[in-house]
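The data block below is upload.pdb; it holds PDB, C-alpha atoms, pLDDT in the B column.
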ATOM      1  CA  MET A 102      16.559   5.312  23.145  1.00 66.00           C
ATOM      2  CA  ASN A 103      15.354   1.724  22.792  1.00 73.00           C
ATOM      3  CA  LYS A 104      12.273   1.492  20.550  1.00 75.00           C
ATOM      4  CA  LYS A 105      10.314  -0.595  23.088  1.00 77.00           C
ATOM      5  CA  VAL A 106      11.108   1.868  25.872  1.00 79.00           C
ATOM      6  CA  LYS A 107      10.031   4.781  23.688  1.00 83.00           C
ATOM      7  CA  THR A 108       6.782   3.002  22.797  1.00 82.00           C
ATOM      8  CA  GLY A 109       6.142   2.274  26.475  1.00 83.00           C
ATOM      9  CA  ILE A 110       6.693   5.915  27.456  1.00 85.00           C
ATOM     10  CA  ILE A 111       4.366   7.165  24.716  1.00 87.00           C
ATOM     11  CA  ALA A 112       1.673   4.657  25.764  1.00 87.00           C
ATOM     12  CA  ALA A 113       2.045   5.696  29.430  1.00 88.00           C
ATOM     13  CA  VAL A 114       1.657   9.378  28.541  1.00 90.00           C
ATOM     14  CA  TRP A 115      -1.539   8.695  26.585  1.00 90.00           C
ATOM     15  CA  ILE A 116      -2.947   6.609  29.454  1.00 89.00           C
ATOM     16  CA  LEU A 117      -2.175   9.488  31.821  1.00 91.00           C
ATOM     17  CA  ILE A 118      -3.943  11.935  29.507  1.00 91.00           C
ATOM     18  CA  TRP A 119      -6.921   9.571  29.398  1.00 87.00           C
ATOM     19  CA  GLN A 120      -7.041   9.371  33.206  1.00 89.00           C
ATOM     20  CA  LEU A 121      -6.748  13.140  33.597  1.00 91.00           C
ATOM     21  CA  ALA A 122      -9.573  13.659  31.078  1.00 88.00           C
ATOM     22  CA  ALA A 123     -11.783  11.246  33.051  1.00 87.00           C
ATOM     23  CA  TRP A 124     -11.017  13.108  36.316  1.00 90.00           C
ATOM     24  CA  VAL A 125     -11.702  16.518  34.799  1.00 87.00           C
ATOM     25  CA  MET A 126     -14.946  15.417  33.134  1.00 85.00           C
ATOM     26  CA  ASP A 127     -16.102  13.500  36.204  1.00 80.00           C
ATOM     27  CA  GLN A 128     -18.935  11.864  34.242  1.00 83.00           C
ATOM     28  CA  PRO A 129     -18.546   8.044  34.405  1.00 81.00           C
ATOM     29  CA  ILE A 130     -21.400   7.516  31.961  1.00 82.00           C
ATOM     30  CA  VAL A 131     -19.546   9.572  29.333  1.00 82.00           C
ATOM     31  CA  LEU A 132     -15.902   8.742  30.042  1.00 86.00           C
ATOM     32  CA  VAL A 133     -14.266   6.339  32.492  1.00 89.00           C
ATOM     33  CA  GLY A 134     -10.602   6.098  33.374  1.00 88.00           C
ATOM     34  CA  PRO A 135      -8.209   3.241  32.564  1.00 89.00           C
ATOM     35  CA  ALA A 136      -8.463   1.868  36.128  1.00 89.00           C
ATOM     36  CA  ASP A 137     -12.248   1.421  35.774  1.00 90.00           C
ATOM     37  CA  VAL A 138     -11.771  -0.248  32.398  1.00 90.00           C
ATOM     38  CA  CYS A 139      -9.200  -2.657  33.846  1.00 90.00           C
ATOM     39  CA  ARG A 140     -11.585  -3.560  36.682  1.00 91.00           C
ATOM     40  CA  ALA A 141     -14.408  -4.214  34.232  1.00 90.00           C
ATOM     41  CA  LEU A 142     -12.096  -6.337  32.091  1.00 90.00           C
ATOM     42  CA  ALA A 143     -10.855  -8.276  35.125  1.00 90.00           C
ATOM     43  CA  GLU A 144     -14.442  -9.132  36.043  1.00 88.00           C
ATOM     44  CA  GLN A 145     -15.115 -10.441  32.534  1.00 89.00           C
ATOM     45  CA  ILE A 146     -11.909 -12.312  31.820  1.00 90.00           C
ATOM     46  CA  TRP A 147     -12.491 -15.040  34.426  1.00 89.00           C
ATOM     47  CA  GLN A 148     -15.874 -15.963  33.009  1.00 90.00           C
ATOM     48  CA  GLN A 149     -16.267 -18.743  30.443  1.00 90.00           C
ATOM     49  CA  GLU A 150     -18.711 -16.609  28.461  1.00 91.00           C
ATOM     50  CA  PHE A 151     -15.925 -14.087  27.831  1.00 92.00           C
ATOM     51  CA  TRP A 152     -13.732 -16.612  26.026  1.00 93.00           C
ATOM     52  CA  VAL A 153     -16.679 -18.101  24.122  1.00 94.00           C
ATOM     53  CA  THR A 154     -17.571 -14.602  22.914  1.00 93.00           C
ATOM     54  CA  VAL A 155     -14.024 -13.793  21.799  1.00 94.00           C
ATOM     55  CA  LEU A 156     -13.709 -17.169  20.058  1.00 95.00           C
ATOM     56  CA  ASN A 157     -17.045 -16.854  18.238  1.00 93.00           C
ATOM     57  CA  SER A 158     -16.289 -13.398  16.865  1.00 93.00           C
ATOM     58  CA  SER A 159     -12.729 -14.386  15.939  1.00 94.00           C
ATOM     59  CA  ILE A 160     -13.851 -17.466  14.004  1.00 94.00           C
ATOM     60  CA  ARG A 161     -16.525 -15.582  12.077  1.00 94.00           C
ATOM     61  CA  ILE A 162     -14.481 -12.525  11.207  1.00 94.00           C
ATOM     62  CA  CYS A 163     -11.273 -14.423  10.428  1.00 94.00           C
ATOM     63  CA  GLY A 164     -13.287 -16.912   8.380  1.00 94.00           C
ATOM     64  CA  GLY A 165     -14.704 -14.094   6.263  1.00 94.00           C
ATOM     65  CA  PHE A 166     -11.241 -12.532   5.956  1.00 95.00           C
ATOM     66  CA  LEU A 167      -9.536 -15.754   4.848  1.00 95.00           C
ATOM     67  CA  ALA A 168     -12.260 -16.565   2.308  1.00 96.00           C
ATOM     68  CA  ALA A 169     -12.009 -13.050   0.824  1.00 95.00           C
ATOM     69  CA  PHE A 170      -8.195 -13.146   0.961  1.00 95.00           C
ATOM     70  CA  LEU A 171      -7.972 -16.338  -1.096  1.00 95.00           C
ATOM     71  CA  ALA A 172     -10.772 -15.284  -3.457  1.00 95.00           C
ATOM     72  CA  GLY A 173      -9.194 -11.853  -3.934  1.00 94.00           C
ATOM     73  CA  ILE A 174      -5.791 -13.313  -4.812  1.00 92.00           C
ATOM     74  CA  PHE A 175      -7.315 -15.833  -7.236  1.00 93.00           C
ATOM     75  CA  ALA A 176      -9.534 -13.199  -8.885  1.00 93.00           C
ATOM     76  CA  GLY A 177      -6.672 -10.685  -9.047  1.00 92.00           C
ATOM     77  CA  ILE A 178      -4.294 -13.167 -10.677  1.00 90.00           C
ATOM     78  CA  THR A 179      -6.972 -14.228 -13.155  1.00 91.00           C
ATOM     79  CA  ALA A 180      -7.840 -10.609 -13.957  1.00 91.00           C
ATOM     80  CA  GLY A 181      -4.156  -9.833 -14.428  1.00 86.00           C
ATOM     81  CA  ARG A 182      -3.894 -12.615 -16.980  1.00 85.00           C
ATOM     82  CA  PHE A 183      -7.209 -12.063 -18.774  1.00 88.00           C
ATOM     83  CA  ARG A 184      -8.270  -8.486 -19.452  1.00 89.00           C
ATOM     84  CA  LEU A 185     -11.846  -9.491 -20.295  1.00 92.00           C
ATOM     85  CA  PHE A 186     -12.257 -11.027 -16.828  1.00 91.00           C
ATOM     86  CA  ALA A 187     -10.940  -7.819 -15.225  1.00 90.00           C
ATOM     87  CA  GLU A 188     -13.439  -5.728 -17.192  1.00 91.00           C
ATOM     88  CA  PHE A 189     -16.254  -8.116 -16.263  1.00 93.00           C
ATOM     89  CA  LEU A 190     -15.385  -7.992 -12.540  1.00 92.00           C
ATOM     90  CA  GLU A 191     -14.779  -4.236 -12.338  1.00 91.00           C
ATOM     91  CA  PRO A 192     -18.440  -3.135 -11.800  1.00 92.00           C
ATOM     92  CA  ALA A 193     -18.934  -5.633  -8.954  1.00 91.00           C
ATOM     93  CA  VAL A 194     -15.688  -4.607  -7.224  1.00 91.00           C
ATOM     94  CA  THR A 195     -16.571  -0.921  -7.612  1.00 92.00           C
ATOM     95  CA  VAL A 196     -19.973  -1.538  -6.007  1.00 89.00           C
ATOM     96  CA  LEU A 197     -18.373  -3.405  -3.092  1.00 88.00           C
ATOM     97  CA  GLN A 198     -15.974  -0.518  -2.527  1.00 87.00           C
ATOM     98  CA  SER A 199     -18.603   2.208  -2.835  1.00 87.00           C
ATOM     99  CA  VAL A 200     -21.661   0.929  -0.959  1.00 84.00           C
ATOM    100  CA  PRO A 201     -21.607   1.790   2.795  1.00 84.00           C
ATOM    101  CA  VAL A 202     -21.143  -1.100   5.198  1.00 82.00           C
ATOM    102  CA  ALA A 203     -24.471  -0.281   6.891  1.00 81.00           C
ATOM    103  CA  SER A 204     -26.310  -0.927   3.609  1.00 82.00           C
ATOM    104  CA  PHE A 205     -24.575  -4.279   3.209  1.00 81.00           C
ATOM    105  CA  VAL A 206     -25.466  -5.182   6.790  1.00 84.00           C
ATOM    106  CA  ILE A 207     -29.170  -4.492   6.279  1.00 84.00           C
ATOM    107  CA  LEU A 208     -29.270  -6.493   3.042  1.00 83.00           C
ATOM    108  CA  ALA A 209     -27.264  -9.351   4.551  1.00 82.00           C
ATOM    109  CA  LEU A 210     -29.653  -9.503   7.515  1.00 82.00           C
ATOM    110  CA  LEU A 211     -32.460 -10.184   5.028  1.00 80.00           C
ATOM    111  CA  TRP A 212     -30.394 -12.804   3.182  1.00 81.00           C
ATOM    112  CA  ILE A 213     -28.719 -14.860   5.899  1.00 81.00           C
ATOM    113  CA  GLY A 214     -29.866 -13.549   9.290  1.00 77.00           C
ATOM    114  CA  SER A 215     -27.615 -12.352  12.085  1.00 78.00           C
ATOM    115  CA  GLU A 216     -25.700 -15.521  13.013  1.00 81.00           C
ATOM    116  CA  ASN A 217     -23.144 -15.407  10.181  1.00 84.00           C
ATOM    117  CA  LEU A 218     -23.591 -11.755   9.304  1.00 88.00           C
ATOM    118  CA  SER A 219     -20.031 -10.756  10.237  1.00 89.00           C
ATOM    119  CA  VAL A 220     -18.613 -13.480   7.946  1.00 91.00           C
ATOM    120  CA  LEU A 221     -20.319 -12.040   4.876  1.00 91.00           C
ATOM    121  CA  ILE A 222     -19.621  -8.408   5.763  1.00 92.00           C
ATOM    122  CA  SER A 223     -15.932  -9.122   6.390  1.00 93.00           C
ATOM    123  CA  PHE A 224     -15.796 -10.868   3.007  1.00 94.00           C
ATOM    124  CA  PHE A 225     -17.412  -7.926   1.205  1.00 92.00           C
ATOM    125  CA  VAL A 226     -15.009  -5.441   2.789  1.00 93.00           C
ATOM    126  CA  VAL A 227     -11.799  -7.463   2.356  1.00 95.00           C
ATOM    127  CA  PHE A 228     -12.265  -8.815  -1.171  1.00 95.00           C
ATOM    128  CA  PRO A 229     -11.894  -5.488  -3.071  1.00 94.00           C
ATOM    129  CA  ILE A 230      -8.748  -4.558  -1.124  1.00 94.00           C
ATOM    130  CA  ILE A 231      -6.970  -7.845  -1.825  1.00 94.00           C
ATOM    131  CA  TYR A 232      -8.227  -7.963  -5.408  1.00 94.00           C
ATOM    132  CA  ARG A 233      -6.993  -4.444  -6.220  1.00 93.00           C
ATOM    133  CA  ASN A 234      -3.574  -5.045  -4.638  1.00 92.00           C
ATOM    134  CA  THR A 235      -3.151  -8.380  -6.395  1.00 91.00           C
ATOM    135  CA  LEU A 236      -4.161  -6.905  -9.748  1.00 90.00           C
ATOM    136  CA  GLN A 237      -1.662  -4.087  -9.235  1.00 88.00           C
ATOM    137  CA  GLY A 238       1.038  -6.599  -8.325  1.00 85.00           C
ATOM    138  CA  MET A 239       0.389  -8.601 -11.485  1.00 82.00           C
ATOM    139  CA  ALA A 240       1.580  -5.596 -13.501  1.00 78.00           C
ATOM    140  CA  ALA A 241       4.777  -5.254 -11.421  1.00 69.00           C
ATOM    141  CA  PRO A 242       7.113  -7.865 -13.054  1.00 61.00           C
ATOM    142  CA  SER A 243       9.515  -6.236 -15.486  1.00 57.00           C
ATOM    143  CA  SER A 244       9.255  -7.047 -19.178  1.00 60.00           C
ATOM    144  CA  GLU A 245      12.904  -8.207 -19.151  1.00 59.00           C
ATOM    145  CA  PHE A 246      12.117 -11.042 -16.730  1.00 55.00           C
ATOM    146  CA  LEU A 247       9.055 -12.058 -18.717  1.00 58.00           C
ATOM    147  CA  GLU A 248      11.049 -12.069 -21.965  1.00 58.00           C
ATOM    148  CA  MET A 249      13.746 -14.160 -20.289  1.00 62.00           C
ATOM    149  CA  ALA A 250      11.112 -16.648 -19.112  1.00 57.00           C
ATOM    150  CA  GLN A 251       9.823 -16.887 -22.657  1.00 61.00           C
ATOM    151  CA  VAL A 252      13.311 -17.436 -24.065  1.00 60.00           C
ATOM    152  CA  TYR A 253      14.025 -20.239 -21.584  1.00 57.00           C
ATOM    153  CA  ARG A 254      10.486 -21.597 -22.041  1.00 61.00           C
ATOM    154  CA  LEU A 255       9.606 -21.634 -18.383  1.00 62.00           C
ATOM    155  CA  GLY A 256       6.345 -23.366 -17.552  1.00 62.00           C
ATOM    156  CA  ALA A 257       3.402 -21.432 -16.124  1.00 63.00           C
ATOM    157  CA  GLY A 258       4.064 -22.750 -12.620  1.00 63.00           C
ATOM    158  CA  LYS A 259       7.740 -21.771 -12.546  1.00 64.00           C
ATOM    159  CA  LYS A 260       6.994 -18.416 -14.156  1.00 67.00           C
ATOM    160  CA  PHE A 261       4.466 -17.647 -11.428  1.00 67.00           C
ATOM    161  CA  CYS A 262       6.696 -18.842  -8.563  1.00 66.00           C
ATOM    162  CA  TYR A 263       9.902 -17.115  -9.651  1.00 64.00           C
ATOM    163  CA  ILE A 264       8.664 -14.004 -11.477  1.00 70.00           C
ATOM    164  CA  TYR A 265       5.078 -13.117 -10.591  1.00 70.00           C
ATOM    165  CA  TRP A 266       4.897 -14.157  -6.928  1.00 76.00           C
ATOM    166  CA  PRO A 267       8.015 -12.238  -5.738  1.00 78.00           C
ATOM    167  CA  ALA A 268       6.574  -9.133  -7.425  1.00 78.00           C
ATOM    168  CA  LEU A 269       3.076  -9.820  -6.074  1.00 83.00           C
ATOM    169  CA  PHE A 270       4.061 -10.528  -2.487  1.00 85.00           C
ATOM    170  CA  PRO A 271       4.668  -6.928  -1.256  1.00 87.00           C
ATOM    171  CA  TYR A 272       1.343  -5.781  -2.718  1.00 89.00           C
ATOM    172  CA  VAL A 273      -0.623  -8.677  -1.245  1.00 90.00           C
ATOM    173  CA  SER A 274       1.128  -8.333   2.124  1.00 89.00           C
ATOM    174  CA  ALA A 275       0.362  -4.600   2.325  1.00 90.00           C
ATOM    175  CA  GLY A 276      -3.233  -5.255   1.325  1.00 91.00           C
ATOM    176  CA  ALA A 277      -3.578  -7.989   3.932  1.00 92.00           C
ATOM    177  CA  LYS A 278      -2.473  -5.670   6.735  1.00 90.00           C
ATOM    178  CA  THR A 279      -5.050  -3.036   5.769  1.00 91.00           C
ATOM    179  CA  ALA A 280      -7.764  -5.594   5.032  1.00 93.00           C
ATOM    180  CA  PHE A 281      -7.373  -7.419   8.359  1.00 92.00           C
ATOM    181  CA  ALA A 282      -8.035  -4.244  10.332  1.00 91.00           C
ATOM    182  CA  MET A 283     -10.995  -3.393   8.097  1.00 92.00           C
ATOM    183  CA  ALA A 284     -12.398  -6.912   8.512  1.00 93.00           C
ATOM    184  CA  TRP A 285     -12.514  -6.516  12.293  1.00 93.00           C
ATOM    185  CA  LYS A 286     -13.980  -3.013  12.173  1.00 91.00           C
ATOM    186  CA  SER A 287     -16.725  -3.963   9.723  1.00 91.00           C
ATOM    187  CA  GLY A 288     -17.307  -7.403  11.251  1.00 92.00           C
ATOM    188  CA  VAL A 289     -17.890  -6.070  14.757  1.00 92.00           C
ATOM    189  CA  ALA A 290     -20.014  -3.202  13.368  1.00 90.00           C
ATOM    190  CA  ALA A 291     -22.173  -5.863  11.703  1.00 90.00           C
ATOM    191  CA  GLU A 292     -22.431  -7.719  15.018  1.00 91.00           C
ATOM    192  CA  VAL A 293     -23.532  -4.542  16.801  1.00 91.00           C
ATOM    193  CA  ILE A 294     -26.359  -4.152  14.276  1.00 89.00           C
ATOM    194  CA  GLY A 295     -27.315  -7.821  13.975  1.00 87.00           C
ATOM    195  CA  VAL A 296     -26.608  -8.673  17.648  1.00 88.00           C
ATOM    196  CA  PRO A 297     -25.802 -12.397  17.234  1.00 88.00           C
ATOM    197  CA  ALA A 298     -25.594 -14.299  20.525  1.00 87.00           C
ATOM    198  CA  SER A 299     -22.195 -14.561  22.247  1.00 87.00           C
ATOM    199  CA  SER A 300     -20.383 -12.049  20.067  1.00 91.00           C
ATOM    200  CA  ILE A 301     -18.256  -8.989  20.799  1.00 92.00           C
ATOM    201  CA  GLY A 302     -20.815  -6.872  18.959  1.00 91.00           C
ATOM    202  CA  GLU A 303     -23.552  -8.131  21.270  1.00 92.00           C
ATOM    203  CA  LYS A 304     -21.493  -7.209  24.342  1.00 93.00           C
ATOM    204  CA  LEU A 305     -20.869  -3.709  22.974  1.00 93.00           C
ATOM    205  CA  TYR A 306     -24.572  -3.290  22.231  1.00 92.00           C
ATOM    206  CA  LEU A 307     -25.624  -4.440  25.713  1.00 92.00           C
ATOM    207  CA  ALA A 308     -23.043  -2.168  27.336  1.00 90.00           C
ATOM    208  CA  LYS A 309     -24.540   0.755  25.431  1.00 88.00           C
ATOM    209  CA  ILE A 310     -28.112  -0.220  26.366  1.00 90.00           C
ATOM    210  CA  TYR A 311     -27.284  -0.458  30.079  1.00 85.00           C
ATOM    211  CA  LEU A 312     -25.028   2.638  29.997  1.00 84.00           C
ATOM    212  CA  SER A 313     -22.101   0.538  31.233  1.00 87.00           C
ATOM    213  CA  THR A 314     -19.319   2.709  29.852  1.00 89.00           C
ATOM    214  CA  ALA A 315     -16.565   0.762  31.633  1.00 91.00           C
ATOM    215  CA  GLU A 316     -17.690  -2.484  29.968  1.00 92.00           C
ATOM    216  CA  LEU A 317     -17.996  -0.696  26.629  1.00 92.00           C
ATOM    217  CA  PHE A 318     -14.385   0.469  26.889  1.00 92.00           C
ATOM    218  CA  ALA A 319     -13.268  -2.946  28.165  1.00 93.00           C
ATOM    219  CA  TRP A 320     -14.766  -4.797  25.200  1.00 93.00           C
ATOM    220  CA  THR A 321     -13.330  -2.195  22.846  1.00 92.00           C
ATOM    221  CA  LEU A 322      -9.898  -2.842  24.367  1.00 92.00           C
ATOM    222  CA  VAL A 323     -10.428  -6.599  23.926  1.00 93.00           C
ATOM    223  CA  LEU A 324     -11.366  -6.003  20.294  1.00 92.00           C
ATOM    224  CA  ILE A 325      -8.179  -4.024  19.649  1.00 92.00           C
ATOM    225  CA  LEU A 326      -5.900  -6.535  21.391  1.00 93.00           C
ATOM    226  CA  VAL A 327      -7.425  -9.630  19.758  1.00 93.00           C
ATOM    227  CA  SER A 328      -7.422  -8.127  16.267  1.00 93.00           C
ATOM    228  CA  LYS A 329      -3.800  -6.995  16.602  1.00 92.00           C
ATOM    229  CA  LEU A 330      -2.711 -10.379  17.967  1.00 94.00           C
ATOM    230  CA  LEU A 331      -4.412 -12.335  15.178  1.00 93.00           C
ATOM    231  CA  GLU A 332      -3.134  -9.885  12.569  1.00 92.00           C
ATOM    232  CA  SER A 333       0.424 -10.402  13.807  1.00 92.00           C
ATOM    233  CA  VAL A 334       0.031 -14.198  13.712  1.00 92.00           C
ATOM    234  CA  PHE A 335      -1.412 -14.148  10.188  1.00 91.00           C
ATOM    235  CA  LEU A 336       1.253 -11.800   8.805  1.00 89.00           C
ATOM    236  CA  ARG A 337       4.047 -13.882  10.348  1.00 90.00           C
ATOM    237  CA  ILE A 338       2.660 -17.047   8.766  1.00 89.00           C
ATOM    238  CA  PHE A 339       2.118 -15.296   5.434  1.00 87.00           C
ATOM    239  CA  ALA A 340       5.697 -13.947   5.534  1.00 85.00           C
ATOM    240  CA  LEU A 341       6.910 -17.552   5.246  1.00 83.00           C
ATOM    241  CA  LEU A 342       5.724 -17.447   1.616  1.00 78.00           C
ATOM    242  CA  ASP A 343       8.138 -14.608   0.802  1.00 72.00           C
ATOM    243  CA  ILE A 344      10.512 -16.279  -1.660  1.00 62.00           C
ATOM    244  CA  ARG A 345      12.876 -13.276  -1.663  1.00 58.00           C
ATOM    245  CA  ARG A 346      13.450 -13.493   2.102  1.00 57.00           C
ATOM    246  CA  ARG A 347      14.159 -17.226   1.945  1.00 53.00           C
ATOM    247  CA  ARG A 348      16.679 -16.655  -0.824  1.00 53.00           C
ATOM    248  CA  GLY A 349      18.368 -13.985   1.296  1.00 50.00           C
TER     249      GLY A 349
END
In structure tokens, write the structure found in this file.
Amino acid sequence: MNKKVKTGIIAAVWILIWQLAAWVMDQPIVLVGPADVCRALAEQIWQQEFWVTVLNSSIRICGGFLAAFLAGIFAGITAGRFRLFAEFLEPAVTVLQSVPVASFVILALLWIGSENLSVLISFFVVFPIIYRNTLQGMAAPSSEFLEMAQVYRLGAGKKFCYIYWPALFPYVSAGAKTAFAMAWKSGVAAEVIGVPASSIGEKLYLAKIYLSTAELFAWTLVLILVSKLLESVFLRIFALLDIRRRRG
């Protein structure tokens, strides 16, 4: 069976289960069906405020992700080259990985307010993931390749491009996929707590306050679709840096 057909059938079955659960429960405040969610989404999608909200959250969260992505790669490469730097950075990275997002959100609210809260939270969540993966990738090149580079006296730039980067790429790519999803989850959670104007988090918060379950589900669906779309775009662009694929 075609993979797309199989995926479509599986999705249809889950939608049917969702609709049946909504019928059986018969409590719209607790659970609404997919038809109600689609109606709520259709009402929102034609409004300018909808697109402003999606754009604002996307810019903030993706901005935090990209800043952490670049910083994590740079820090990971540096730590892979200099052990002292890795030891110095380890306590900070461990703290970032261990402290709950809610604690970061409360502290960040005191530091920078709610407007750019999701940028900072996304950065805090993404940086350790990219850093760890990059540091792991720096240990991946085989000693034979490194010895060969030394024999032929390859410069630092060529050594990185032809030995380190091909080994690093799978680790960084895998980390990016995980980190992008985490950036959206934590970023929107920060928006729900901070409630910045014209953000997806604000819409989720208001839907909860007014017990508008259909809108809550609709904005959740928007969140999933937008994050997956942007993740796909980023990973496709990043894949262009895969030297091994271009050689193939």
Might you pull out every residue within 10 Å of Pro297 (chain A), with all atoms listed in the file counted and same-chain residues fewer than 2 positions away left off, and present them as a tab-separated table (two decimals) with C-alpha atoms, keeping the file's coordinate frame?
chain	number	residue	atom	x	y	z
A	157	ASN	CA	-17.05	-16.85	18.24
A	158	SER	CA	-16.29	-13.40	16.86
A	214	GLY	CA	-29.87	-13.55	9.29
A	215	SER	CA	-27.62	-12.35	12.08
A	216	GLU	CA	-25.70	-15.52	13.01
A	217	ASN	CA	-23.14	-15.41	10.18
A	218	LEU	CA	-23.59	-11.76	9.30
A	219	SER	CA	-20.03	-10.76	10.24
A	291	ALA	CA	-22.17	-5.86	11.70
A	292	GLU	CA	-22.43	-7.72	15.02
A	293	VAL	CA	-23.53	-4.54	16.80
A	294	ILE	CA	-26.36	-4.15	14.28
A	295	GLY	CA	-27.32	-7.82	13.98
A	299	SER	CA	-22.20	-14.56	22.25
A	300	SER	CA	-20.38	-12.05	20.07
A	301	ILE	CA	-18.26	-8.99	20.80
A	302	GLY	CA	-20.82	-6.87	18.96
A	303	GLU	CA	-23.55	-8.13	21.27
A	304	LYS	CA	-21.49	-7.21	24.34
Handout entry: Between CA of Met283 (chain A) and CA of Ser223 (chain A), distance in Å (one decimal)
Key =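 Between CA of Met283 (chain A) and CA of Ser223 (chain A) the gap works out to 7.8 Å.
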Handout entry: Gap from CA of Ile116 (chain A) to CA of Arg140 (chain A) - Å, one decimal
Key = 15.2 Å
Is it possible to get the axis-aligned box enclosing region 178-187 of chain A (all listed atoms, 4 Å extra per side) as JSON, with centre and edge lengths in Å rounded to one decimal?
{"center_x": -8.1, "center_y": -11.0, "center_z": -15.5, "size_x": 16.4, "size_y": 14.4, "size_z": 17.6}
Handout entry: Nearest residue to Leu167 (chain A) from the set A:Leu142, A:Met126, A:Val226, A:Val133 (distances using all atoms listed in the file)
Key = A:Val226
Handout entry: Counting all atoms listed in the file, the residue of A:Lys286, A:Gly238, A:Val196, A:Asp343 that sits nearest Ala268 (chain A)
Key =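 Comparing A:Lys286, A:Gly238, A:Val196, A:Asp343 against Ala268 (chain A), the winner is A:Gly238.
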Taking a cut-off of 7 Å and counting only C-alpha atoms, can you build a table that, for each residue of region 196-250 of chain A near region 173-182 of chain A, reports the nearest atom pair and how far apart they are in Å (one decimal), sorted by chain then residue number, as a Markdown table?
| residue | atom | partner | partner_atom | distance |
| --- | --- | --- | --- | --- |
| A:Phe228 | CA | A:Gly173 | CA | 5.1 |
| A:Pro229 | CA | A:Gly173 | CA | 7.0 |
| A:Ile231 | CA | A:Gly173 | CA | 5.0 |
| A:Tyr232 | CA | A:Gly173 | CA | 4.3 |
| A:Arg233 | CA | A:Gly177 | CA | 6.9 |
| A:Thr235 | CA | A:Gly177 | CA | 5.0 |
| A:Leu236 | CA | A:Gly177 | CA | 4.6 |
| A:Met239 | CA | A:Gly181 | CA | 5.6 |
Practice task
Find, counting only C-alpha atoms, the residue in A:Val227, A:Leu317, A:Leu221, A:Ile111 that gets nearest to Leu208 (chain A).
Solution key: A:Leu221
Practice task
Would you mind listing what lies within 9 Å of region 322-332 of chain A as a ChimeraX atom specification, with all atoms listed in the file counted and same-chain residues fewer than 6 positions away left out?
Solution key: /A:138,142,155,159,163,277-278,281-282,285,289,301
So that I have them on file, write out the residues from the current selection with C-alpha atoms, as an mmCIF file, keeping the file's coordinate frame.
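Output saved as again.cif:
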data_model
loop_
_atom_site.group_PDB
_atom_site.id
_atom_site.type_symbol
_atom_site.label_atom_id
_atom_site.label_comp_id
_atom_site.auth_asym_id
_atom_site.auth_seq_id
_atom_site.Cartn_x
_atom_site.Cartn_y
_atom_site.Cartn_z
ATOM 1 C CA VAL A 138 -11.771 -0.248 32.398
ATOM 2 C CA LEU A 142 -12.096 -6.337 32.091
ATOM 3 C CA VAL A 155 -14.024 -13.793 21.799
ATOM 4 C CA SER A 159 -12.729 -14.386 15.939
ATOM 5 C CA CYS A 163 -11.273 -14.423 10.428
ATOM 6 C CA ALA A 277 -3.578 -7.989 3.932
ATOM 7 C CA LYS A 278 -2.473 -5.670 6.735
ATOM 8 C CA PHE A 281 -7.373 -7.419 8.359
ATOM 9 C CA ALA A 282 -8.035 -4.244 10.332
ATOM 10 C CA TRP A 285 -12.514 -6.516 12.293
ATOM 11 C CA VAL A 289 -17.890 -6.070 14.757
ATOM 12 C CA ILE A 301 -18.256 -8.989 20.799
#
Exercise for the section: Have a look at CA of Gly288 (chain A) and CA of Gly276 (chain A) and let me know their distance in Å, one decimal. Expected result: 17.4 Å
Problem - Nearest residue to Ala143 (chain A) from the set A:Ala340, A:Val334, A:Ala319, A:Ile310 (distances using only C-alpha atoms) - result: A:Ala319
Handout entry: Residue nearest Leu336 (chain A) among A:Leu132, A:Ala275, A:Ala290, A:Leu117 (counting all atoms listed in the file)
Key =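 Of all the options, A:Ala275 lies closest to Leu336 (chain A).
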Practice task
Determine the nearest neighbour of Tyr265 (chain A) from the options A:Gln237, A:Leu156, A:Leu211, A:Ala112, counting only C-alpha atoms.
Solution key: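 Looking only at the distances to Tyr265 (chain A), the closest residue turns out to be A:Gln237.
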Exercise for the section: Write out as a list in words each polymer residue whose atoms come within 12 Å of Val131 (chain A), counting all atoms listed in the file; drop sequence neighbours fewer than 6 positions from it. Expected result: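 My list of contacting residues is Ala122, Ala123, Trp124, Val125, Lys309, Leu312, Ser313, Thr314, Ala315, Leu317 and Phe318 of chain A.
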